[in-house]
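Chemist: Structure: coords12.cif, mmCIF, C-alpha atoms.
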```cif
data_my_file
loop_
_atom_site.label_atom_id
_atom_site.label_comp_id
_atom_site.auth_asym_id
_atom_site.auth_seq_id
_atom_site.Cartn_x
_atom_site.Cartn_y
_atom_site.Cartn_z
CA MET U 1 0.00 0.00 0.00
CA PRO U 2 1.42 3.43 -0.89
CA LYS U 3 2.44 5.68 1.97
CA ILE U 4 1.19 9.23 2.40
CA ARG U 5 3.91 11.64 1.29
CA PHE U 6 3.65 15.24 2.39
CA ASP U 7 6.06 16.54 -0.24
CA GLU U 8 7.06 20.10 -1.07
CA GLN U 9 3.93 20.76 -3.12
CA ILE U 10 1.60 19.63 -0.32
CA ALA U 11 3.64 21.34 2.42
CA ARG U 12 3.71 24.68 0.57
CA ARG U 13 -0.09 24.82 0.38
CA TYR U 14 -0.88 22.99 3.61
CA ASP U 15 -1.78 26.01 5.75
CA GLU U 16 -3.80 27.51 2.91
CA THR U 17 -5.82 24.36 2.32
CA SER U 18 -6.32 23.91 6.08
CA ALA U 19 -7.39 27.50 6.68
CA ASP U 20 -10.64 26.47 8.37
CA TRP U 21 -8.62 24.72 11.09
CA TYR U 22 -6.84 27.98 11.91
CA GLN U 23 -10.06 29.84 12.65
CA PRO U 24 -10.09 31.04 16.30
CA THR U 25 -13.35 29.20 16.99
CA VAL U 26 -11.62 25.94 15.98
CA LEU U 27 -8.05 26.52 17.12
CA GLU U 28 -8.48 28.18 20.48
CA PRO U 29 -10.64 25.45 22.11
CA ALA U 30 -8.11 22.81 21.01
CA VAL U 31 -5.18 24.78 22.41
CA HIS U 32 -7.03 25.41 25.69
CA PHE U 33 -7.95 21.71 25.98
CA LEU U 34 -4.37 20.53 25.44
CA ALA U 35 -2.85 23.24 27.64
CA ASP U 36 -5.19 22.29 30.48
CA LEU U 37 -4.03 18.66 30.32
CA THR U 38 -0.36 19.61 30.10
CA GLY U 39 -0.34 21.99 33.06
CA ASP U 40 3.25 22.78 34.03
CA GLY U 41 4.58 19.71 32.20
CA ALA U 42 5.81 19.18 28.66
CA ALA U 43 3.90 18.14 25.55
CA LEU U 44 4.91 15.90 22.64
CA GLU U 45 3.08 16.19 19.34
CA PHE U 46 3.00 13.26 16.92
CA GLY U 47 2.80 14.61 13.37
CA ILE U 48 3.57 18.22 14.30
CA GLY U 49 3.37 19.36 10.68
CA THR U 50 3.52 23.15 10.26
CA GLY U 51 2.89 23.83 13.94
CA ARG U 52 -0.79 24.77 13.98
CA LEU U 53 -1.15 23.67 17.63
CA ALA U 54 2.46 23.57 18.79
CA LEU U 55 3.14 27.27 18.25
CA PRO U 56 0.21 28.62 20.29
CA LEU U 57 0.94 26.06 23.02
CA ARG U 58 4.54 27.25 23.16
CA SER U 59 3.35 30.87 23.31
CA ARG U 60 1.54 29.92 26.51
CA GLY U 61 4.84 28.88 28.04
CA ILE U 62 4.40 25.12 27.51
CA ARG U 63 7.48 23.15 26.52
CA VAL U 64 6.69 21.40 23.23
CA HIS U 65 8.54 18.82 21.17
CA GLY U 66 7.33 17.48 17.84
CA ILE U 67 7.93 14.47 15.62
CA ASP U 68 7.21 14.50 11.89
CA LEU U 69 8.32 12.37 8.96
CA SER U 70 8.05 15.18 6.40
CA GLU U 71 11.04 17.52 6.09
CA PRO U 72 9.06 19.89 3.82
CA MET U 73 6.36 20.26 6.49
CA LEU U 74 8.99 20.96 9.15
CA ASP U 75 10.65 23.49 6.83
CA GLN U 76 7.36 25.38 6.71
CA LEU U 77 7.22 25.33 10.52
CA ARG U 78 10.82 26.55 10.85
CA ARG U 79 9.93 29.67 8.85
CA LYS U 80 7.44 30.76 11.52
CA SER U 81 8.16 32.99 14.50
CA GLY U 82 8.61 31.02 17.71
CA SER U 83 9.55 27.75 16.00
CA GLU U 84 13.09 28.00 17.36
CA GLN U 85 11.67 27.35 20.84
CA ILE U 86 10.15 24.00 19.79
CA GLY U 87 12.17 20.80 19.72
CA LEU U 88 11.83 18.98 16.39
CA THR U 89 12.69 15.40 15.46
CA VAL U 90 12.45 13.95 11.96
CA GLY U 91 10.95 10.46 12.02
CA ASP U 92 7.75 8.46 12.11
CA PHE U 93 5.70 8.63 15.28
CA VAL U 94 5.27 4.85 15.39
CA THR U 95 8.89 4.06 16.30
CA THR U 96 10.76 7.33 16.87
CA ARG U 97 11.76 8.03 20.48
CA VAL U 98 12.89 11.34 21.93
CA ASP U 99 14.60 12.05 25.23
CA GLY U 100 12.64 12.91 28.33
CA SER U 101 9.13 12.22 29.55
CA PHE U 102 5.99 14.20 28.88
CA ARG U 103 2.78 15.08 30.65
CA LEU U 104 0.93 14.93 27.32
CA THR U 105 1.29 13.31 23.93
CA TYR U 106 -1.23 14.18 21.26
CA LEU U 107 -2.15 13.24 17.69
CA VAL U 108 -4.82 15.35 16.01
CA TYR U 109 -6.58 16.12 12.72
CA ASN U 110 -7.34 12.43 11.93
CA THR U 111 -3.61 11.66 11.66
CA ILE U 112 -3.94 8.27 13.40
CA THR U 113 -5.62 7.11 10.17
CA ASN U 114 -2.42 7.86 8.21
CA LEU U 115 -1.22 4.57 9.71
CA THR U 116 -2.77 2.02 7.36
CA THR U 117 -2.44 -1.16 9.42
CA GLN U 118 -3.80 -2.08 12.82
CA ASP U 119 -0.31 -3.13 13.92
CA GLU U 120 1.04 0.36 13.19
CA GLN U 121 -1.79 1.98 15.10
CA VAL U 122 -1.18 -0.29 18.11
CA ALA U 123 2.54 0.54 17.96
CA CYS U 124 1.66 4.25 17.91
CA PHE U 125 -0.23 3.88 21.19
CA ARG U 126 2.72 2.02 22.72
CA ASN U 127 5.10 4.74 21.58
CA ALA U 128 2.86 7.43 23.04
CA ALA U 129 2.66 5.61 26.38
CA ALA U 130 6.43 5.06 26.45
CA HIS U 131 6.94 8.85 26.32
CA LEU U 132 4.44 9.64 29.09
CA GLU U 133 5.21 10.17 32.73
CA PRO U 134 2.97 8.23 35.18
CA GLY U 135 -0.53 9.70 35.04
CA GLY U 136 0.21 11.46 31.75
CA CYS U 137 -2.34 11.50 28.94
CA PHE U 138 -2.52 10.65 25.24
CA VAL U 139 -5.04 12.64 23.17
CA ILE U 140 -6.38 11.75 19.74
CA GLU U 141 -8.76 13.74 17.55
CA VAL U 142 -10.28 11.62 14.77
CA PHE U 143 -13.45 11.13 12.77
CA VAL U 144 -15.98 8.40 13.48
CA PRO U 145 -16.20 6.06 10.46
CA GLY U 146 -19.20 7.19 8.42
CA LEU U 147 -20.20 3.80 7.06
CA ARG U 148 -23.88 4.47 7.72
CA ARG U 149 -23.69 7.05 4.92
CA ILE U 150 -22.56 4.45 2.38
CA PRO U 151 -25.53 2.69 0.71
CA PRO U 152 -25.18 -1.03 -0.02
CA GLY U 153 -23.23 -1.53 -3.22
CA GLU U 154 -21.69 1.97 -3.14
CA ARG U 155 -18.08 2.78 -2.29
CA VAL U 156 -17.63 6.51 -2.96
CA ARG U 157 -18.88 9.51 -0.97
CA ALA U 158 -18.26 13.19 -1.64
CA PHE U 159 -17.10 15.08 1.47
CA ASP U 160 -16.26 18.45 -0.08
CA VAL U 161 -17.77 19.98 -3.22
CA ARG U 162 -16.73 23.58 -3.84
CA PRO U 163 -15.56 25.50 -6.91
CA SER U 164 -12.05 25.59 -5.40
CA HIS U 165 -11.87 21.95 -4.29
CA LEU U 166 -13.48 18.56 -4.81
CA GLY U 167 -12.99 15.77 -2.29
CA PHE U 168 -14.17 12.15 -2.40
CA ASP U 169 -13.67 9.20 -0.06
CA GLU U 170 -13.44 5.84 -1.81
CA TYR U 171 -13.92 2.83 0.47
CA THR U 172 -11.68 0.23 -1.13
CA ASP U 173 -11.53 -2.37 1.67
CA PHE U 174 -14.34 -2.66 4.20
CA VAL U 175 -12.61 -5.61 5.90
CA GLY U 176 -9.22 -3.93 6.27
CA GLN U 177 -10.93 -0.58 7.04
CA ILE U 178 -9.17 1.26 4.22
CA LEU U 179 -10.43 4.29 2.35
CA TYR U 180 -8.71 6.51 -0.18
CA SER U 181 -9.28 10.25 -0.07
CA HIS U 182 -9.12 11.88 -3.50
CA HIS U 183 -8.62 15.65 -3.80
CA TYR U 184 -8.86 17.84 -6.92
CA TRP U 185 -8.17 21.58 -7.14
CA ILE U 186 -6.98 24.23 -9.60
CA GLU U 187 -3.62 25.90 -9.03
CA ASP U 188 -2.02 28.28 -11.53
CA SER U 189 -4.66 27.25 -14.09
CA GLU U 190 -3.63 23.60 -13.77
CA LEU U 191 -5.51 20.69 -12.27
CA ARG U 192 -3.79 19.31 -9.16
CA THR U 193 -4.65 15.99 -7.59
CA PHE U 194 -3.78 14.17 -4.39
CA SER U 195 -4.90 10.70 -3.33
CA ALA U 196 -3.90 8.83 -0.19
CA PRO U 197 -4.98 5.75 1.81
CA TYR U 198 -6.23 5.90 5.38
CA ARG U 199 -7.25 3.25 7.89
CA TYR U 200 -10.40 4.33 9.68
CA VAL U 201 -10.74 3.10 13.24
CA TRP U 202 -13.59 2.78 15.73
CA PRO U 203 -13.58 4.39 19.20
CA SER U 204 -13.86 1.00 20.91
CA GLU U 205 -10.91 -0.27 18.86
CA LEU U 206 -8.83 2.68 20.00
CA ASP U 207 -9.75 1.93 23.62
CA LEU U 208 -8.42 -1.60 23.23
CA MET U 209 -5.20 -0.30 21.69
CA ALA U 210 -4.82 1.97 24.71
CA ARG U 211 -5.27 -0.94 27.10
CA LEU U 212 -2.58 -2.91 25.26
CA ALA U 213 -0.27 0.04 25.87
CA GLY U 214 -1.06 0.37 29.58
CA MET U 215 -3.55 3.23 29.28
CA THR U 216 -7.24 3.55 30.09
CA LEU U 217 -9.92 5.88 28.77
CA ARG U 218 -10.24 9.00 30.90
CA GLU U 219 -12.71 11.03 28.83
CA ARG U 220 -14.25 11.22 25.37
CA TRP U 221 -16.00 14.19 23.79
CA ALA U 222 -17.53 15.06 20.44
CA GLY U 223 -15.18 18.06 20.16
CA TRP U 224 -12.66 20.32 21.86
CA THR U 225 -15.34 22.25 23.77
CA ARG U 226 -16.34 19.01 25.50
CA GLU U 227 -19.67 18.47 23.78
CA PRO U 228 -21.18 15.09 24.80
CA PHE U 229 -20.16 12.20 22.58
CA THR U 230 -23.20 10.33 21.24
CA ASP U 231 -24.01 7.78 18.54
CA ALA U 232 -24.69 10.73 16.22
CA SER U 233 -21.22 12.26 16.68
CA THR U 234 -19.11 12.40 13.54
CA SER U 235 -15.78 12.84 15.35
CA HIS U 236 -14.32 12.57 18.81
CA VAL U 237 -11.56 13.85 21.05
CA SER U 238 -10.44 11.03 23.35
CA VAL U 239 -8.08 11.12 26.32
CA TRP U 240 -6.34 8.02 27.69
CA GLU U 241 -4.33 8.08 30.90
CA LYS U 242 -1.16 6.09 31.48
CA THR U 243 -1.85 3.62 34.24
CA ALA U 244 1.04 1.15 33.90
CA GLU U 245 4.81 1.36 33.61
CA MET U 246 6.21 0.36 30.22
CA ASN U 247 9.10 -2.03 29.62
CA ARG U 248 11.85 -1.45 27.05
CA TYR U 249 9.72 -3.01 24.32
CA GLY U 250 6.99 -0.41 24.74
CA ASN U 251 4.60 -2.86 26.45
CA PRO U 252 3.12 -2.70 29.95
CA ALA U 253 5.72 -3.89 32.46
CA GLY U 254 5.48 -7.61 33.11
CA SER U 255 4.00 -8.39 29.66
CA PRO U 256 5.84 -10.29 26.89
CA ALA U 257 8.13 -8.44 24.46
#
```
Could you quickly redo this structure as structure tokens?
Modeler:
Amino acid sequence: MPKIRFDEQIARRYDETSADWYQPTVLEPAVHFLADLTGDGAALEFGIGTGRLALPLRSRGIRVHGIDLSEPMLDQLRRKSGSEQIGLTVGDFVTTRVDGSFRLTYLVYNTITNLTTQDEQVACFRNAAAHLEPGGCFVIEVFVPGLRRIPPGERVRAFDVRPSHLGFDEYTDFVGQILYSHHYWIEDSELRTFSAPYRYVWPSELDLMARLAGMTLRERWAGWTREPFTDASTSHVSVWEKTAEMNRYGNPAGSPA
């Protein structure tokens, strides 16, 4: 399966195409939520990207470190004021370890689905737990799989139809929980396209991954302003708390390698 590549073209337009996520009504509740959990500790962001959350957290005096696989995305972050105060590590957030322990690790904007196998997603939880101090928390923001919107026999659903952008999700593997997101837009009078695979994951599945990593669910909300999570919610913000010490293999202490 092809991997998602956030190359120079994607990185250069990333903030522009994600402009809605920079709106104060969207950004400020997320920053407040994460800052509240971090307190006077440090935070580690998996998939830090161009620093949408890391920079305002750092401006609040919170020590922030970030991991990202894409050098072009990190180059965009380094061009921004305040980035020099954020620790950055190039690598994947499934296996990459950084020094120190953190009060909070977080993975937002559906990025857990960039990992296209269940094994990778489980390993991500173990890596998050391995970086946490006792009682620390791991936060994920991710969509709830919208399979109820897919009629029997259909595999494609439009999620964004605007003159400036067309977006379609194509469900290619209902068993493996894989969908491809296809994007089309016009740039400099030319048609640009981007397609990438994602593994959608259920809230209960994430809870089990957390347990395997020595964490338990602390809270789950429909959004950053702590709206109640219901069976009608289309996304969730979940918080798991580290409840067990981890061994050197990233598993709860006392468990097999």
Chemist: Any chance you could resolve the PyMOL selection byres ((chain U and resi 159-166) around 7) against this file and give the residues as JSON, numbers by chain?
Modeler: {"U": [157, 158, 167, 168, 169, 183, 184, 185, 186]}
Chemist: As a PDB file with C-alpha atoms, keeping the file's coordinate frame, please: the residues near range 235-244 of chain U (cut-off 6 Å, all atoms listed in the file, same-chain neighbours under 3 positions excluded).
Modeler:
```
ATOM      1  CA  PRO U 134       2.970   8.230  35.180  1.00  0.00           C
ATOM      2  CA  GLY U 135      -0.530   9.700  35.040  1.00  0.00           C
ATOM      3  CA  GLY U 136       0.210  11.460  31.750  1.00  0.00           C
ATOM      4  CA  CYS U 137      -2.340  11.500  28.940  1.00  0.00           C
ATOM      5  CA  PHE U 138      -2.520  10.650  25.240  1.00  0.00           C
ATOM      6  CA  VAL U 139      -5.040  12.640  23.170  1.00  0.00           C
ATOM      7  CA  ILE U 140      -6.380  11.750  19.740  1.00  0.00           C
ATOM      8  CA  GLU U 141      -8.760  13.740  17.550  1.00  0.00           C
ATOM      9  CA  VAL U 142     -10.280  11.620  14.770  1.00  0.00           C
ATOM     10  CA  PHE U 143     -13.450  11.130  12.770  1.00  0.00           C
ATOM     11  CA  VAL U 144     -15.980   8.400  13.480  1.00  0.00           C
ATOM     12  CA  GLY U 214      -1.060   0.370  29.580  1.00  0.00           C
ATOM     13  CA  MET U 215      -3.550   3.230  29.280  1.00  0.00           C
ATOM     14  CA  THR U 216      -7.240   3.550  30.090  1.00  0.00           C
ATOM     15  CA  LEU U 217      -9.920   5.880  28.770  1.00  0.00           C
ATOM     16  CA  ARG U 218     -10.240   9.000  30.900  1.00  0.00           C
ATOM     17  CA  GLU U 219     -12.710  11.030  28.830  1.00  0.00           C
ATOM     18  CA  ARG U 220     -14.250  11.220  25.370  1.00  0.00           C
ATOM     19  CA  TRP U 221     -16.000  14.190  23.790  1.00  0.00           C
ATOM     20  CA  ALA U 222     -17.530  15.060  20.440  1.00  0.00           C
ATOM     21  CA  GLY U 223     -15.180  18.060  20.160  1.00  0.00           C
ATOM     22  CA  PRO U 252       3.120  -2.700  29.950  1.00  0.00           C
TER      23      PRO U 252
END
```
Chemist: Compare U:Arg149, U:His65, U:Arg226, U:Arg52 by their minimum atom-to-atom distance to Gln23 in chain U, counting only C-alpha atoms, and give me the closest one.
Modeler: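 Looking at the shortest contact to Gln23 in chain U, the residue is U:Arg52.
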Chemist: Quick one, how far is CA of Thr193 in chain U from CA of Leu115 in chain U?
Modeler: 21.0 Å
Chemist: With the PyMOL selection byres ((chain U and resi 71) around 9) as the selection, what would be picked from this file? Answer as a list in words, please.
Modeler: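 Expected selection for the PyMOL selection byres ((chain U and resi 71) around 9) here is Phe6, Asp7, Glu8, Asp68, Leu69, Ser70, Pro72, Met73, Leu74, Asp75, Gln76 and Val90 of chain U.
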Chemist: Would you mind telling me which residue in U:Leu212, U:Val122, U:Ala30, U:Ala232 lies nearest to Arg148 in chain U when using only C-alpha atoms?
Modeler: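 Checking each of U:Leu212, U:Val122, U:Ala30, U:Ala232 against Arg148 in chain U, counting only C-alpha atoms, the winner is U:Ala232.
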Chemist: For the provided coordinates, the residues matched by the PyMOL selection byres ((chain U and resi 31) around 12) should be stated as a PyMOL selection string.
Modeler: chain U and resi 21-22+24-30+32-38+43+51-60+62+106+108+224-225
Chemist: What is the CA of Phe229 in chain U to CA of Ala128 in chain U distance in Å?
Modeler: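 These atoms are spaced 23.5 Å apart.
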Chemist: Using CA of Tyr109 in chain U and CA of Pro151 in chain U as the two end points, give the distance in Å to one decimal.
Modeler: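 Separation of CA of Tyr109 in chain U and CA of Pro151 in chain U: 26.1 Å.
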Chemist: Pick out the closest residue to Thr113 in chain U from this set: U:Ser18, U:Ser233, U:Ser181, U:Thr96. Count only C-alpha atoms.
Modeler: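 Ranking U:Ser18, U:Ser233, U:Ser181, U:Thr96 by distance to Thr113 in chain U, first place goes to U:Ser181.
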Chemist: Nearest residue to Pro145 in chain U out of U:Gln9, U:Thr89, U:Thr172, U:Gln177, using only C-alpha atoms?
Modeler: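 That would be U:Gln177, the residue with the smallest distance to Pro145 in chain U.
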Chemist: Counting all atoms listed in the file, which of U:Leu77, U:Gly47, U:Ala210, U:Leu147 gets nearest to Ala123 in chain U?
Modeler: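 Once distances to Ala123 in chain U are computed over all atoms listed in the file, the minimum belongs to U:Ala210.
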Chemist: So for range 89-96 of chain U, what box centre and size do we get, axis-aligned, 4 Å extra on each of the six sides, every listed atom, Å to one decimal, as AutoDock Vina command-line options?
Modeler:
```
--center_x 9.0 --center_y 9.7 --center_z 14.4 --size_x 15.4 --size_y 19.3 --size_z 12.9
```
Chemist: Which of these residues is nearest to Ile112 in chain U, using all atoms listed in the file: U:Leu191, U:Ala213, U:Val201, U:Ala42?
Modeler: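 Of the candidates, the smallest distance to Ile112 in chain U is held by U:Val201.
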